[in-house]
>>> print(open('query04.pdb').read())   # PDB, C-alpha atoms, pLDDT in the B column
ATOM      1  CA  MET A   1      95.492 110.371 113.621  1.00 50.00           C
ATOM      2  CA  THR A   2      98.183 110.524 116.333  1.00 51.00           C
ATOM      3  CA  PHE A   3     101.908 110.462 115.619  1.00 50.00           C
ATOM      4  CA  GLN A   4     104.210 109.238 118.375  1.00 48.00           C
ATOM      5  CA  TYR A   5     107.856 110.256 118.184  1.00 43.00           C
ATOM      6  CA  ILE A   6     109.489 107.872 120.642  1.00 41.00           C
ATOM      7  CA  PRO A   7     106.865 106.398 122.997  1.00 42.00           C
ATOM      8  CA  LEU A   8     104.710 108.814 124.998  1.00 42.00           C
ATOM      9  CA  VAL A   9     105.510 111.913 122.911  1.00 49.00           C
ATOM     10  CA  ALA A  10     102.682 112.880 120.561  1.00 54.00           C
ATOM     11  CA  ILE A  11     101.956 115.538 117.947  1.00 60.00           C
ATOM     12  CA  SER A  12      98.526 117.145 117.926  1.00 69.00           C
ATOM     13  CA  LEU A  13      97.630 119.355 114.969  1.00 74.00           C
ATOM     14  CA  GLY A  14      94.529 120.624 116.758  1.00 72.00           C
ATOM     15  CA  ASP A  15      92.719 123.182 114.594  1.00 75.00           C
ATOM     16  CA  GLU A  16      95.701 123.697 112.300  1.00 77.00           C
ATOM     17  CA  HIS A  17      95.101 123.214 108.588  1.00 81.00           C
ATOM     18  CA  VAL A  18      98.150 121.956 106.724  1.00 89.00           C
ATOM     19  CA  GLY A  19      96.743 121.678 103.200  1.00 92.00           C
ATOM     20  CA  TYR A  20      99.518 122.860 100.819  1.00 96.00           C
ATOM     21  CA  SER A  21     101.512 124.062 103.843  1.00 95.00           C
ATOM     22  CA  ARG A  22     103.982 122.862 106.462  1.00 96.00           C
ATOM     23  CA  LEU A  23     104.162 122.794 110.247  1.00 94.00           C
ATOM     24  CA  ASP A  24     107.593 122.452 111.842  1.00 94.00           C
ATOM     25  CA  PHE A  25     108.011 120.903 115.286  1.00 91.00           C
ATOM     26  CA  SER A  26     111.550 121.920 116.147  1.00 90.00           C
ATOM     27  CA  GLU A  27     111.820 120.033 119.446  1.00 89.00           C
ATOM     28  CA  LEU A  28     110.775 116.767 117.797  1.00 89.00           C
ATOM     29  CA  LYS A  29     112.651 117.483 114.543  1.00 92.00           C
ATOM     30  CA  ILE A  30     109.535 116.656 112.538  1.00 94.00           C
ATOM     31  CA  SER A  31     107.744 118.627 109.836  1.00 96.00           C
ATOM     32  CA  VAL A  32     104.188 117.805 108.736  1.00 96.00           C
ATOM     33  CA  VAL A  33     103.372 118.746 105.135  1.00 97.00           C
ATOM     34  CA  GLY A  34      99.810 118.729 103.817  1.00 96.00           C
ATOM     35  CA  GLY A  35      98.617 117.411 100.482  1.00 96.00           C
ATOM     36  CA  ARG A  36      95.688 118.615  98.340  1.00 96.00           C
ATOM     37  CA  PRO A  37      92.514 119.614 100.212  1.00 92.00           C
ATOM     38  CA  PHE A  38      89.164 118.141  99.104  1.00 89.00           C
ATOM     39  CA  SER A  39      90.746 115.190  97.305  1.00 93.00           C
ATOM     40  CA  CYS A  40      88.461 112.301  96.432  1.00 91.00           C
ATOM     41  CA  GLY A  41      91.109 110.325  94.566  1.00 93.00           C
ATOM     42  CA  GLY A  42      91.579 109.632  90.892  1.00 92.00           C
ATOM     43  CA  GLU A  43      92.677 111.661  87.892  1.00 91.00           C
ATOM     44  CA  HIS A  44      90.272 114.603  88.241  1.00 90.00           C
ATOM     45  CA  LEU A  45      90.410 117.573  90.612  1.00 92.00           C
ATOM     46  CA  TYR A  46      87.481 117.678  93.011  1.00 91.00           C
ATOM     47  CA  ARG A  47      86.184 121.168  93.906  1.00 92.00           C
ATOM     48  CA  ARG A  48      88.200 122.685  91.073  1.00 92.00           C
ATOM     49  CA  LYS A  49      86.643 126.166  91.422  1.00 94.00           C
ATOM     50  CA  LEU A  50      87.311 126.260  95.151  1.00 93.00           C
ATOM     51  CA  LEU A  51      90.908 125.078  94.696  1.00 94.00           C
ATOM     52  CA  SER A  52      91.402 127.757  92.071  1.00 95.00           C
ATOM     53  CA  ALA A  53      89.890 130.555  94.162  1.00 95.00           C
ATOM     54  CA  ARG A  54      91.503 129.670  97.473  1.00 93.00           C
ATOM     55  CA  TYR A  55      94.852 128.169  96.449  1.00 93.00           C
ATOM     56  CA  GLY A  56      95.431 129.239  92.857  1.00 95.00           C
ATOM     57  CA  VAL A  57      95.498 125.588  91.785  1.00 95.00           C
ATOM     58  CA  HIS A  58      93.949 124.809  88.390  1.00 96.00           C
ATOM     59  CA  ASP A  59      95.312 121.360  87.528  1.00 96.00           C
ATOM     60  CA  MET A  60      97.263 118.380  88.834  1.00 96.00           C
ATOM     61  CA  GLU A  61     100.600 119.894  87.838  1.00 97.00           C
ATOM     62  CA  GLY A  62      99.850 123.028  89.831  1.00 97.00           C
ATOM     63  CA  SER A  63      98.748 120.952  92.797  1.00 97.00           C
ATOM     64  CA  ALA A  64     101.923 118.870  92.693  1.00 98.00           C
ATOM     65  CA  ARG A  65     103.918 122.095  92.601  1.00 97.00           C
ATOM     66  CA  ARG A  66     102.132 123.428  95.703  1.00 97.00           C
ATOM     67  CA  ILE A  67     102.876 120.242  97.668  1.00 98.00           C
ATOM     68  CA  TYR A  68     106.493 120.271  96.481  1.00 98.00           C
ATOM     69  CA  ASN A  69     107.002 123.955  97.325  1.00 97.00           C
ATOM     70  CA  ALA A  70     105.423 123.529 100.773  1.00 97.00           C
ATOM     71  CA  THR A  71     108.072 120.934 101.559  1.00 97.00           C
ATOM     72  CA  LEU A  72     110.990 123.076 100.440  1.00 94.00           C
ATOM     73  CA  GLY A  73     112.504 124.986 103.332  1.00 91.00           C
ATOM     74  CA  THR A  74     111.997 122.130 105.776  1.00 96.00           C
ATOM     75  CA  PRO A  75     114.700 122.426 108.465  1.00 95.00           C
ATOM     76  CA  GLU A  76     117.657 120.294 107.441  1.00 89.00           C
ATOM     77  CA  ASP A  77     117.508 117.936 110.419  1.00 92.00           C
ATOM     78  CA  ASN A  78     113.732 117.418 110.362  1.00 95.00           C
ATOM     79  CA  LEU A  79     111.904 114.341 109.161  1.00 95.00           C
ATOM     80  CA  VAL A  80     108.996 114.995 106.809  1.00 97.00           C
ATOM     81  CA  ILE A  81     105.637 113.356 107.415  1.00 96.00           C
ATOM     82  CA  LEU A  82     103.326 113.957 104.485  1.00 97.00           C
ATOM     83  CA  LEU A  83      99.664 114.089 105.498  1.00 96.00           C
ATOM     84  CA  ALA A  84      97.025 113.907 102.769  1.00 96.00           C
ATOM     85  CA  HIS A  85      93.348 113.060 102.430  1.00 95.00           C
ATOM     86  CA  ASN A  86      94.055 110.373  99.830  1.00 96.00           C
ATOM     87  CA  GLY A  87      97.180 108.404  98.959  1.00 97.00           C
ATOM     88  CA  PRO A  88      99.353 108.678  95.828  1.00 98.00           C
ATOM     89  CA  THR A  89      99.065 106.683  92.624  1.00 98.00           C
ATOM     90  CA  GLY A  90     101.448 103.793  92.099  1.00 97.00           C
ATOM     91  CA  LEU A  91     100.529 101.651  95.110  1.00 97.00           C
ATOM     92  CA  GLY A  92      98.470  99.016  93.311  1.00 97.00           C
ATOM     93  CA  SER A  93      95.266  98.602  91.361  1.00 96.00           C
ATOM     94  CA  ASN A  94      93.677  95.518  92.925  1.00 96.00           C
ATOM     95  CA  LEU A  95      90.358  95.861  94.742  1.00 95.00           C
ATOM     96  CA  ASN A  96      92.020  95.530  98.137  1.00 96.00           C
ATOM     97  CA  ASP A  97      95.138  97.585  97.460  1.00 97.00           C
ATOM     98  CA  ILE A  98      95.725 100.581  99.688  1.00 98.00           C
ATOM     99  CA  CYS A  99      94.175 102.984  97.120  1.00 97.00           C
ATOM    100  CA  GLY A 100      92.428 100.388  94.942  1.00 97.00           C
ATOM    101  CA  LYS A 101      88.929 100.872  93.500  1.00 96.00           C
ATOM    102  CA  ASP A 102      86.826  98.437  95.488  1.00 94.00           C
ATOM    103  CA  TRP A 103      83.554  99.578  93.908  1.00 93.00           C
ATOM    104  CA  SER A 104      84.593  98.916  90.305  1.00 89.00           C
ATOM    105  CA  VAL A 105      84.767  95.537  88.569  1.00 87.00           C
ATOM    106  CA  GLY A 106      88.424  94.859  87.870  1.00 88.00           C
ATOM    107  CA  GLY A 107      89.658  97.403  90.389  1.00 92.00           C
ATOM    108  CA  GLY A 108      91.936 100.273  89.413  1.00 96.00           C
ATOM    109  CA  ASP A 109      94.371 102.708  90.990  1.00 97.00           C
ATOM    110  CA  HIS A 110      92.421 105.526  92.676  1.00 97.00           C
ATOM    111  CA  GLY A 111      95.452 107.332  94.107  1.00 97.00           C
ATOM    112  CA  ASP A 112      96.290 111.020  93.615  1.00 97.00           C
ATOM    113  CA  PRO A 113      98.690 111.640  90.713  1.00 98.00           C
ATOM    114  CA  ASP A 114      99.697 115.068  92.047  1.00 98.00           C
ATOM    115  CA  LEU A 115     100.840 113.576  95.341  1.00 98.00           C
ATOM    116  CA  ALA A 116     102.821 110.892  93.511  1.00 98.00           C
ATOM    117  CA  GLN A 117     104.424 113.532  91.290  1.00 98.00           C
ATOM    118  CA  ALA A 118     105.367 115.752  94.238  1.00 98.00           C
ATOM    119  CA  LEU A 119     106.908 112.810  96.097  1.00 97.00           C
ATOM    120  CA  SER A 120     108.899 111.762  93.050  1.00 96.00           C
ATOM    121  CA  ARG A 121     110.281 115.297  92.591  1.00 97.00           C
ATOM    122  CA  LEU A 122     111.191 115.574  96.268  1.00 96.00           C
ATOM    123  CA  LYS A 123     113.040 112.270  96.263  1.00 93.00           C
ATOM    124  CA  ASP A 124     114.883 113.163  93.052  1.00 94.00           C
ATOM    125  CA  SER A 125     115.834 116.738  93.931  1.00 94.00           C
ATOM    126  CA  SER A 126     116.309 116.837  97.703  1.00 92.00           C
ATOM    127  CA  ASN A 127     117.991 114.983 100.531  1.00 92.00           C
ATOM    128  CA  LEU A 128     114.964 115.255 102.802  1.00 94.00           C
ATOM    129  CA  SER A 129     114.012 112.201 104.830  1.00 94.00           C
ATOM    130  CA  ILE A 130     110.349 111.316 104.136  1.00 95.00           C
ATOM    131  CA  PRO A 131     109.759 108.087 106.071  1.00 95.00           C
ATOM    132  CA  LEU A 132     105.971 108.293 106.276  1.00 97.00           C
ATOM    133  CA  ILE A 133     103.014 109.286 104.076  1.00 97.00           C
ATOM    134  CA  VAL A 134      99.696 109.157 105.948  1.00 97.00           C
ATOM    135  CA  PHE A 135      96.245 109.401 104.399  1.00 96.00           C
ATOM    136  CA  GLY A 136      92.710 108.033 104.549  1.00 94.00           C
ATOM    137  CA  HIS A 137      89.641 108.330 102.304  1.00 94.00           C
ATOM    138  CA  MET A 138      89.716 104.713 101.063  1.00 95.00           C
ATOM    139  CA  HIS A 139      87.876 102.755 103.748  1.00 96.00           C
ATOM    140  CA  LYS A 140      89.400  99.673 105.343  1.00 96.00           C
ATOM    141  CA  GLU A 141      86.198  97.662 104.851  1.00 95.00           C
ATOM    142  CA  LEU A 142      85.719  97.091 101.128  1.00 95.00           C
ATOM    143  CA  ALA A 143      82.496  97.743  99.257  1.00 93.00           C
ATOM    144  CA  TYR A 144      79.929  94.940  98.907  1.00 90.00           C
ATOM    145  CA  ARG A 145      81.423  93.126 101.936  1.00 89.00           C
ATOM    146  CA  ALA A 146      84.369  92.053  99.792  1.00 90.00           C
ATOM    147  CA  GLY A 147      86.851  91.901 102.668  1.00 94.00           C
ATOM    148  CA  LEU A 148      89.432  94.280 104.055  1.00 96.00           C
ATOM    149  CA  ARG A 149      91.860  96.673 102.425  1.00 97.00           C
ATOM    150  CA  LYS A 150      95.643  96.583 102.737  1.00 97.00           C
ATOM    151  CA  MET A 151      96.321  99.516 105.044  1.00 97.00           C
ATOM    152  CA  ILE A 152     100.108  99.709 104.798  1.00 97.00           C
ATOM    153  CA  VAL A 153     102.683  99.578 102.014  1.00 97.00           C
ATOM    154  CA  VAL A 154     106.447  99.728 102.411  1.00 95.00           C
ATOM    155  CA  GLY A 155     108.143 101.140  99.318  1.00 93.00           C
ATOM    156  CA  ASP A 156     111.427  99.952  97.832  1.00 89.00           C
ATOM    157  CA  ASP A 157     113.092 102.977  99.448  1.00 90.00           C
ATOM    158  CA  GLU A 158     111.550 102.005 102.843  1.00 91.00           C
ATOM    159  CA  THR A 159     109.048 104.883 102.732  1.00 95.00           C
ATOM    160  CA  ILE A 160     105.897 103.743 104.532  1.00 97.00           C
ATOM    161  CA  TYR A 161     102.457 104.538 103.124  1.00 98.00           C
ATOM    162  CA  LEU A 162      99.746 104.309 105.781  1.00 98.00           C
ATOM    163  CA  ASN A 163      95.976 104.403 105.344  1.00 97.00           C
ATOM    164  CA  GLY A 164      94.114 105.346 108.513  1.00 95.00           C
ATOM    165  CA  ALA A 165      90.539 105.245 107.160  1.00 95.00           C
ATOM    166  CA  ILE A 166      88.925 102.963 109.718  1.00 95.00           C
ATOM    167  CA  VAL A 167      85.160 103.453 109.398  1.00 93.00           C
ATOM    168  CA  PRO A 168      83.297 103.812 111.659  1.00 93.00           C
ATOM    169  CA  ARG A 169      85.964 105.283 113.905  1.00 93.00           C
ATOM    170  CA  VAL A 170      83.653 105.363 116.932  1.00 94.00           C
ATOM    171  CA  LYS A 171      81.451 102.404 117.906  1.00 92.00           C
ATOM    172  CA  PRO A 172      79.045 102.096 120.858  1.00 90.00           C
ATOM    173  CA  VAL A 173      79.757  99.715 123.706  1.00 82.00           C
ATOM    174  CA  THR A 174      76.583  98.047 124.906  1.00 75.00           C
ATOM    175  CA  VAL A 175      75.919  95.451 127.595  1.00 67.00           C
ATOM    176  CA  SER A 176      72.916  93.556 128.933  1.00 62.00           C
ATOM    177  CA  HIS A 177      72.775  93.645 132.732  1.00 64.00           C
ATOM    178  CA  GLU A 178      70.098  90.952 133.051  1.00 64.00           C
ATOM    179  CA  GLN A 179      69.120  88.037 130.889  1.00 63.00           C
ATOM    180  CA  GLY A 180      66.656  89.227 128.276  1.00 59.00           C
ATOM    181  CA  ALA A 181      67.035  92.882 129.270  1.00 59.00           C
ATOM    182  CA  ALA A 182      67.540  95.554 126.638  1.00 56.00           C
ATOM    183  CA  GLN A 183      71.139  96.483 125.942  1.00 63.00           C
ATOM    184  CA  GLN A 184      72.340  99.715 127.512  1.00 62.00           C
ATOM    185  CA  SER A 185      75.116 101.974 126.296  1.00 70.00           C
ATOM    186  CA  GLU A 186      78.193 101.955 128.523  1.00 82.00           C
ATOM    187  CA  GLY A 187      80.418 104.142 126.368  1.00 90.00           C
ATOM    188  CA  THR A 188      82.278 103.939 123.085  1.00 93.00           C
ATOM    189  CA  LEU A 189      85.145 102.203 121.350  1.00 93.00           C
ATOM    190  CA  ARG A 190      87.365 104.670 119.470  1.00 94.00           C
ATOM    191  CA  ALA A 191      89.921 103.827 116.796  1.00 95.00           C
ATOM    192  CA  PHE A 192      93.398 105.388 116.680  1.00 94.00           C
ATOM    193  CA  THR A 193      96.337 104.687 114.407  1.00 94.00           C
ATOM    194  CA  LEU A 194      99.521 104.999 116.450  1.00 94.00           C
ATOM    195  CA  VAL A 195     102.909 105.485 114.821  1.00 94.00           C
ATOM    196  CA  GLU A 196     106.179 105.274 116.743  1.00 92.00           C
ATOM    197  CA  ILE A 197     109.276 106.823 115.187  1.00 91.00           C
ATOM    198  CA  VAL A 198     112.668 106.133 116.731  1.00 89.00           C
ATOM    199  CA  ASP A 199     115.997 107.491 115.481  1.00 86.00           C
ATOM    200  CA  GLY A 200     114.484 108.776 112.279  1.00 85.00           C
ATOM    201  CA  ARG A 201     112.781 105.513 111.318  1.00 89.00           C
ATOM    202  CA  VAL A 202     109.249 104.217 111.711  1.00 93.00           C
ATOM    203  CA  ALA A 203     109.559 101.541 114.373  1.00 94.00           C
ATOM    204  CA  ARG A 204     105.975 100.437 114.961  1.00 95.00           C
ATOM    205  CA  ILE A 205     102.433 101.088 113.712  1.00 96.00           C
ATOM    206  CA  ALA A 206      99.313  99.819 115.436  1.00 96.00           C
ATOM    207  CA  GLU A 207      95.578 100.112 114.923  1.00 96.00           C
ATOM    208  CA  THR A 208      94.392 100.657 118.478  1.00 95.00           C
ATOM    209  CA  TRP A 209      90.856 100.604 119.843  1.00 95.00           C
ATOM    210  CA  VAL A 210      90.336 102.510 123.092  1.00 94.00           C
ATOM    211  CA  SER A 211      87.327 101.887 125.321  1.00 92.00           C
ATOM    212  CA  VAL A 212      85.933 105.145 126.722  1.00 91.00           C
ATOM    213  CA  LEU A 213      83.296 104.472 129.383  1.00 86.00           C
ATOM    214  CA  LYS A 214      80.574 106.752 130.695  1.00 83.00           C
ATOM    215  CA  ASP A 215      82.155 106.770 134.146  1.00 79.00           C
ATOM    216  CA  GLY A 216      85.250 108.392 132.661  1.00 79.00           C
ATOM    217  CA  GLY A 217      87.405 105.308 132.504  1.00 83.00           C
ATOM    218  CA  ALA A 218      89.480 104.558 129.418  1.00 89.00           C
ATOM    219  CA  ALA A 219      91.653 101.615 128.435  1.00 90.00           C
ATOM    220  CA  VAL A 220      93.119  99.921 125.392  1.00 92.00           C
ATOM    221  CA  ALA A 221      90.587  97.297 124.349  1.00 92.00           C
ATOM    222  CA  GLU A 222      92.274  95.883 121.268  1.00 94.00           C
ATOM    223  CA  GLU A 223      95.479  96.421 119.311  1.00 95.00           C
ATOM    224  CA  LEU A 224      96.330  95.224 115.822  1.00 95.00           C
ATOM    225  CA  VAL A 225     100.015  95.672 115.004  1.00 96.00           C
ATOM    226  CA  LEU A 226     100.459  96.595 111.317  1.00 95.00           C
ATOM    227  CA  PHE A 227     104.207  97.166 111.366  1.00 95.00           C
ATOM    228  CA  ASP A 228     106.923  96.192 113.809  1.00 92.00           C
ATOM    229  CA  GLY A 229     110.134  96.724 111.903  1.00 84.00           C
ATOM    230  CA  LYS A 230     108.358  95.150 108.911  1.00 72.00           C
ATOM    231  CA  PRO A 231     104.723  94.903 107.706  1.00 68.00           C
ATOM    232  CA  LEU A 232     102.711  92.208 109.442  1.00 68.00           C
ATOM    233  CA  GLY A 233      99.835  90.101 108.182  1.00 58.00           C
TER     234      GLY A 233
END
>>> encode(input="query04.pdb", output="structure tokens")
Amino acid sequence: MTFQYIPLVAISLGDEHVGYSRLDFSELKISVVGGRPFSCGGEHLYRRKLLSARYGVHDMEGSARRIYNATLGTPEDNLVILLAHNGPTGLGSNLNDICGKDWSVGGGDHGDPDLAQALSRLKDSSNLSIPLIVFGHMHKELAYRAGLRKMIVVGDDETIYLNGAIVPRVKPVTVSHEQGAAQQSEGTLRAFTLVEIVDGRVARIAETWVSVLKDGGAAVAEELVLFDGKPLG
């Protein structure tokens, strides 16, 4: 996942782990806050013993509190981007909704209740600007070849919820040099979700496939715009 704050300026988290913590980028006036590690969505904590031992989290309430507390102390002028493995509850329960159960007859909301609770508390008790919540886990291609998932939701308060779980993220590029010859690998296609933020607002979001060739060349091969001032498609 790459965040662009005004074109050509990017944030790289590198090896940093932001689960239940916050990284402040003072020059960009952006803070990245992490949600619950090891989330697999739904009402139950995954890896409960590990969460308890490493983070002191025993239940959803405690997890929501950790996310909330990590956000407190954000520099006053910074935007908050919340980065989580899975999205919050409340974004729909249809098969193709952004956190919808695509493997279950009738669907269902498979979002994280702790993330939803933390967001609600932050919006009710602070003046922080939280324009973007980014997550993955729920694959774009639905189970049983049932179509594609909605990858973006714009809330009533203009908060944008973005799912970046494009799977596979890397695909081989193959070509046949002669008629009937076996295909040979020429490189890979790699998926990126690019977000542009201008003047404190999300301006554009695009799913971008980059061709990376064996000879070292790279170029944008395909771009699907998901948001350009408003959700598209």
>>> resolve_selection(input="query04.pdb", expression="the PyMOL selection byres ((chain A and resi 64-81) around 9)", output="PDB file with C-alpha atoms, in the coordinates of the input")
ATOM      1  CA  GLY A  19      96.743 121.678 103.200  1.00 92.00           C
ATOM      2  CA  TYR A  20      99.518 122.860 100.819  1.00 96.00           C
ATOM      3  CA  SER A  21     101.512 124.062 103.843  1.00 95.00           C
ATOM      4  CA  ARG A  22     103.982 122.862 106.462  1.00 96.00           C
ATOM      5  CA  ASP A  24     107.593 122.452 111.842  1.00 94.00           C
ATOM      6  CA  PHE A  25     108.011 120.903 115.286  1.00 91.00           C
ATOM      7  CA  SER A  26     111.550 121.920 116.147  1.00 90.00           C
ATOM      8  CA  LEU A  28     110.775 116.767 117.797  1.00 89.00           C
ATOM      9  CA  LYS A  29     112.651 117.483 114.543  1.00 92.00           C
ATOM     10  CA  ILE A  30     109.535 116.656 112.538  1.00 94.00           C
ATOM     11  CA  SER A  31     107.744 118.627 109.836  1.00 96.00           C
ATOM     12  CA  VAL A  32     104.188 117.805 108.736  1.00 96.00           C
ATOM     13  CA  VAL A  33     103.372 118.746 105.135  1.00 97.00           C
ATOM     14  CA  GLY A  34      99.810 118.729 103.817  1.00 96.00           C
ATOM     15  CA  GLY A  35      98.617 117.411 100.482  1.00 96.00           C
ATOM     16  CA  ARG A  36      95.688 118.615  98.340  1.00 96.00           C
ATOM     17  CA  TYR A  55      94.852 128.169  96.449  1.00 93.00           C
ATOM     18  CA  VAL A  57      95.498 125.588  91.785  1.00 95.00           C
ATOM     19  CA  ASP A  59      95.312 121.360  87.528  1.00 96.00           C
ATOM     20  CA  MET A  60      97.263 118.380  88.834  1.00 96.00           C
ATOM     21  CA  GLU A  61     100.600 119.894  87.838  1.00 97.00           C
ATOM     22  CA  GLY A  62      99.850 123.028  89.831  1.00 97.00           C
ATOM     23  CA  SER A  63      98.748 120.952  92.797  1.00 97.00           C
ATOM     24  CA  LEU A  82     103.326 113.957 104.485  1.00 97.00           C
ATOM     25  CA  LEU A  83      99.664 114.089 105.498  1.00 96.00           C
ATOM     26  CA  PRO A 113      98.690 111.640  90.713  1.00 98.00           C
ATOM     27  CA  ASP A 114      99.697 115.068  92.047  1.00 98.00           C
ATOM     28  CA  LEU A 115     100.840 113.576  95.341  1.00 98.00           C
ATOM     29  CA  ALA A 116     102.821 110.892  93.511  1.00 98.00           C
ATOM     30  CA  GLN A 117     104.424 113.532  91.290  1.00 98.00           C
ATOM     31  CA  ALA A 118     105.367 115.752  94.238  1.00 98.00           C
ATOM     32  CA  LEU A 119     106.908 112.810  96.097  1.00 97.00           C
ATOM     33  CA  ARG A 121     110.281 115.297  92.591  1.00 97.00           C
ATOM     34  CA  LEU A 122     111.191 115.574  96.268  1.00 96.00           C
ATOM     35  CA  SER A 126     116.309 116.837  97.703  1.00 92.00           C
ATOM     36  CA  ASN A 127     117.991 114.983 100.531  1.00 92.00           C
ATOM     37  CA  LEU A 128     114.964 115.255 102.802  1.00 94.00           C
ATOM     38  CA  SER A 129     114.012 112.201 104.830  1.00 94.00           C
ATOM     39  CA  ILE A 130     110.349 111.316 104.136  1.00 95.00           C
ATOM     40  CA  PRO A 131     109.759 108.087 106.071  1.00 95.00           C
ATOM     41  CA  LEU A 132     105.971 108.293 106.276  1.00 97.00           C
ATOM     42  CA  ILE A 133     103.014 109.286 104.076  1.00 97.00           C
ATOM     43  CA  VAL A 134      99.696 109.157 105.948  1.00 97.00           C
ATOM     44  CA  GLY A 200     114.484 108.776 112.279  1.00 85.00           C
TER      45      GLY A 200
END
>>> closest_residue(input="query04.pdb", among="A:Thr174, A:Ser93, A:Thr193, A:Ser125", to="Glu207 in chain A", atoms="only C-alpha atoms")
A:Thr193
>>> atom_distance(input="query04.pdb", atom1="CA of Asp15 in chain A", atom2="CA of Pro168 in chain A")
21.7 Å
>>> resolve_selection(input="query04.pdb", expression="the PyMOL selection byres ((chain A and resi 140-143) around 12)", output="PyMOL selection string")
chain A and resi 94-105+107+135-139+144-152+162-169+207
>>> write_last_selection(input="query04.pdb", atoms="C-alpha atoms", output="compact mmCIF listing (two decimals), in the frame of the given file")
# COMPACT_ATOMS: atom_id res chain seq x y z
CA ASN A 94 93.68 95.52 92.92
CA LEU A 95 90.36 95.86 94.74
CA ASN A 96 92.02 95.53 98.14
CA ASP A 97 95.14 97.58 97.46
CA ILE A 98 95.72 100.58 99.69
CA CYS A 99 94.18 102.98 97.12
CA GLY A 100 92.43 100.39 94.94
CA LYS A 101 88.93 100.87 93.50
CA ASP A 102 86.83 98.44 95.49
CA TRP A 103 83.55 99.58 93.91
CA SER A 104 84.59 98.92 90.30
CA VAL A 105 84.77 95.54 88.57
CA GLY A 107 89.66 97.40 90.39
CA PHE A 135 96.24 109.40 104.40
CA GLY A 136 92.71 108.03 104.55
CA HIS A 137 89.64 108.33 102.30
CA MET A 138 89.72 104.71 101.06
CA HIS A 139 87.88 102.76 103.75
CA TYR A 144 79.93 94.94 98.91
CA ARG A 145 81.42 93.13 101.94
CA ALA A 146 84.37 92.05 99.79
CA GLY A 147 86.85 91.90 102.67
CA LEU A 148 89.43 94.28 104.06
CA ARG A 149 91.86 96.67 102.42
CA LYS A 150 95.64 96.58 102.74
CA MET A 151 96.32 99.52 105.04
CA ILE A 152 100.11 99.71 104.80
CA LEU A 162 99.75 104.31 105.78
CA ASN A 163 95.98 104.40 105.34
CA GLY A 164 94.11 105.35 108.51
CA ALA A 165 90.54 105.24 107.16
CA ILE A 166 88.92 102.96 109.72
CA VAL A 167 85.16 103.45 109.40
CA PRO A 168 83.30 103.81 111.66
CA ARG A 169 85.96 105.28 113.90
CA GLU A 207 95.58 100.11 114.92
>>> axis_aligned_box(input="query04.pdb", around="range 138-155 of chain A", padding_each_side="4 Å", output="AutoDock Vina command-line options")
--center_x 94.0 --center_y 98.3 --center_z 102.1 --size_x 36.2 --size_y 20.8 --size_z 14.4
>>> closest_atom_pairs(input="query04.pdb", of="range 70-153 of chain A", to="range 41-52 of chain A", cutoff="7 Å", atoms="all atoms listed in the file", output="tab-separated table")
residue	atom	partner	partner_atom	distance
A:Asn86	CA	A:Gly41	CA	6.0
A:His110	CA	A:Gly42	CA	4.6
A:Gly111	CA	A:Gly41	CA	5.3
A:Asp112	CA	A:Gly41	CA	5.3
A:Pro113	CA	A:Glu43	CA	6.6
>>> resolve_selection(input="query04.pdb", expression="the PyMOL selection byres ((chain A and resi 212-219) around 12)", output="PDB file with C-alpha atoms, in the frame of the given file")
ATOM      1  CA  VAL A 170      83.653 105.363 116.932  1.00 94.00           C
ATOM      2  CA  LYS A 171      81.451 102.404 117.906  1.00 92.00           C
ATOM      3  CA  PRO A 172      79.045 102.096 120.858  1.00 90.00           C
ATOM      4  CA  VAL A 173      79.757  99.715 123.706  1.00 82.00           C
ATOM      5  CA  THR A 174      76.583  98.047 124.906  1.00 75.00           C
ATOM      6  CA  VAL A 175      75.919  95.451 127.595  1.00 67.00           C
ATOM      7  CA  GLN A 184      72.340  99.715 127.512  1.00 62.00           C
ATOM      8  CA  SER A 185      75.116 101.974 126.296  1.00 70.00           C
ATOM      9  CA  GLU A 186      78.193 101.955 128.523  1.00 82.00           C
ATOM     10  CA  GLY A 187      80.418 104.142 126.368  1.00 90.00           C
ATOM     11  CA  THR A 188      82.278 103.939 123.085  1.00 93.00           C
ATOM     12  CA  LEU A 189      85.145 102.203 121.350  1.00 93.00           C
ATOM     13  CA  ARG A 190      87.365 104.670 119.470  1.00 94.00           C
ATOM     14  CA  ALA A 191      89.921 103.827 116.796  1.00 95.00           C
ATOM     15  CA  THR A 208      94.392 100.657 118.478  1.00 95.00           C
ATOM     16  CA  TRP A 209      90.856 100.604 119.843  1.00 95.00           C
ATOM     17  CA  VAL A 210      90.336 102.510 123.092  1.00 94.00           C
ATOM     18  CA  SER A 211      87.327 101.887 125.321  1.00 92.00           C
ATOM     19  CA  VAL A 220      93.119  99.921 125.392  1.00 92.00           C
ATOM     20  CA  ALA A 221      90.587  97.297 124.349  1.00 92.00           C
ATOM     21  CA  GLU A 222      92.274  95.883 121.268  1.00 94.00           C
ATOM     22  CA  GLU A 223      95.479  96.421 119.311  1.00 95.00           C
TER      23      GLU A 223
END
>>> atom_distance(input="query04.pdb", atom1="CA of Gly87 in chain A", atom2="CA of Phe38 in chain A")
12.6 Å
>>> residues_around(input="query04.pdb", residues="Gly229 in chain A", least_positions_apart="4", cutoff="8 Å", atoms="all atoms listed in the file", output="count of residues only")
3
>>> atom_distance(input="query04.pdb", atom1="CA of Asp228 in chain A", atom2="CA of Ala206 in chain A")
8.6 Å
>>> residues_around(input="query04.pdb", residues="Val154 in chain A", least_positions_apart="3", cutoff="10 Å", atoms="all atoms listed in the file", output="list in words")
Leu91, Pro131, Leu132, Asp157, Glu158, Thr159, Ile160, Tyr161, Leu162, Phe227, Lys230 and Pro231 of chain A
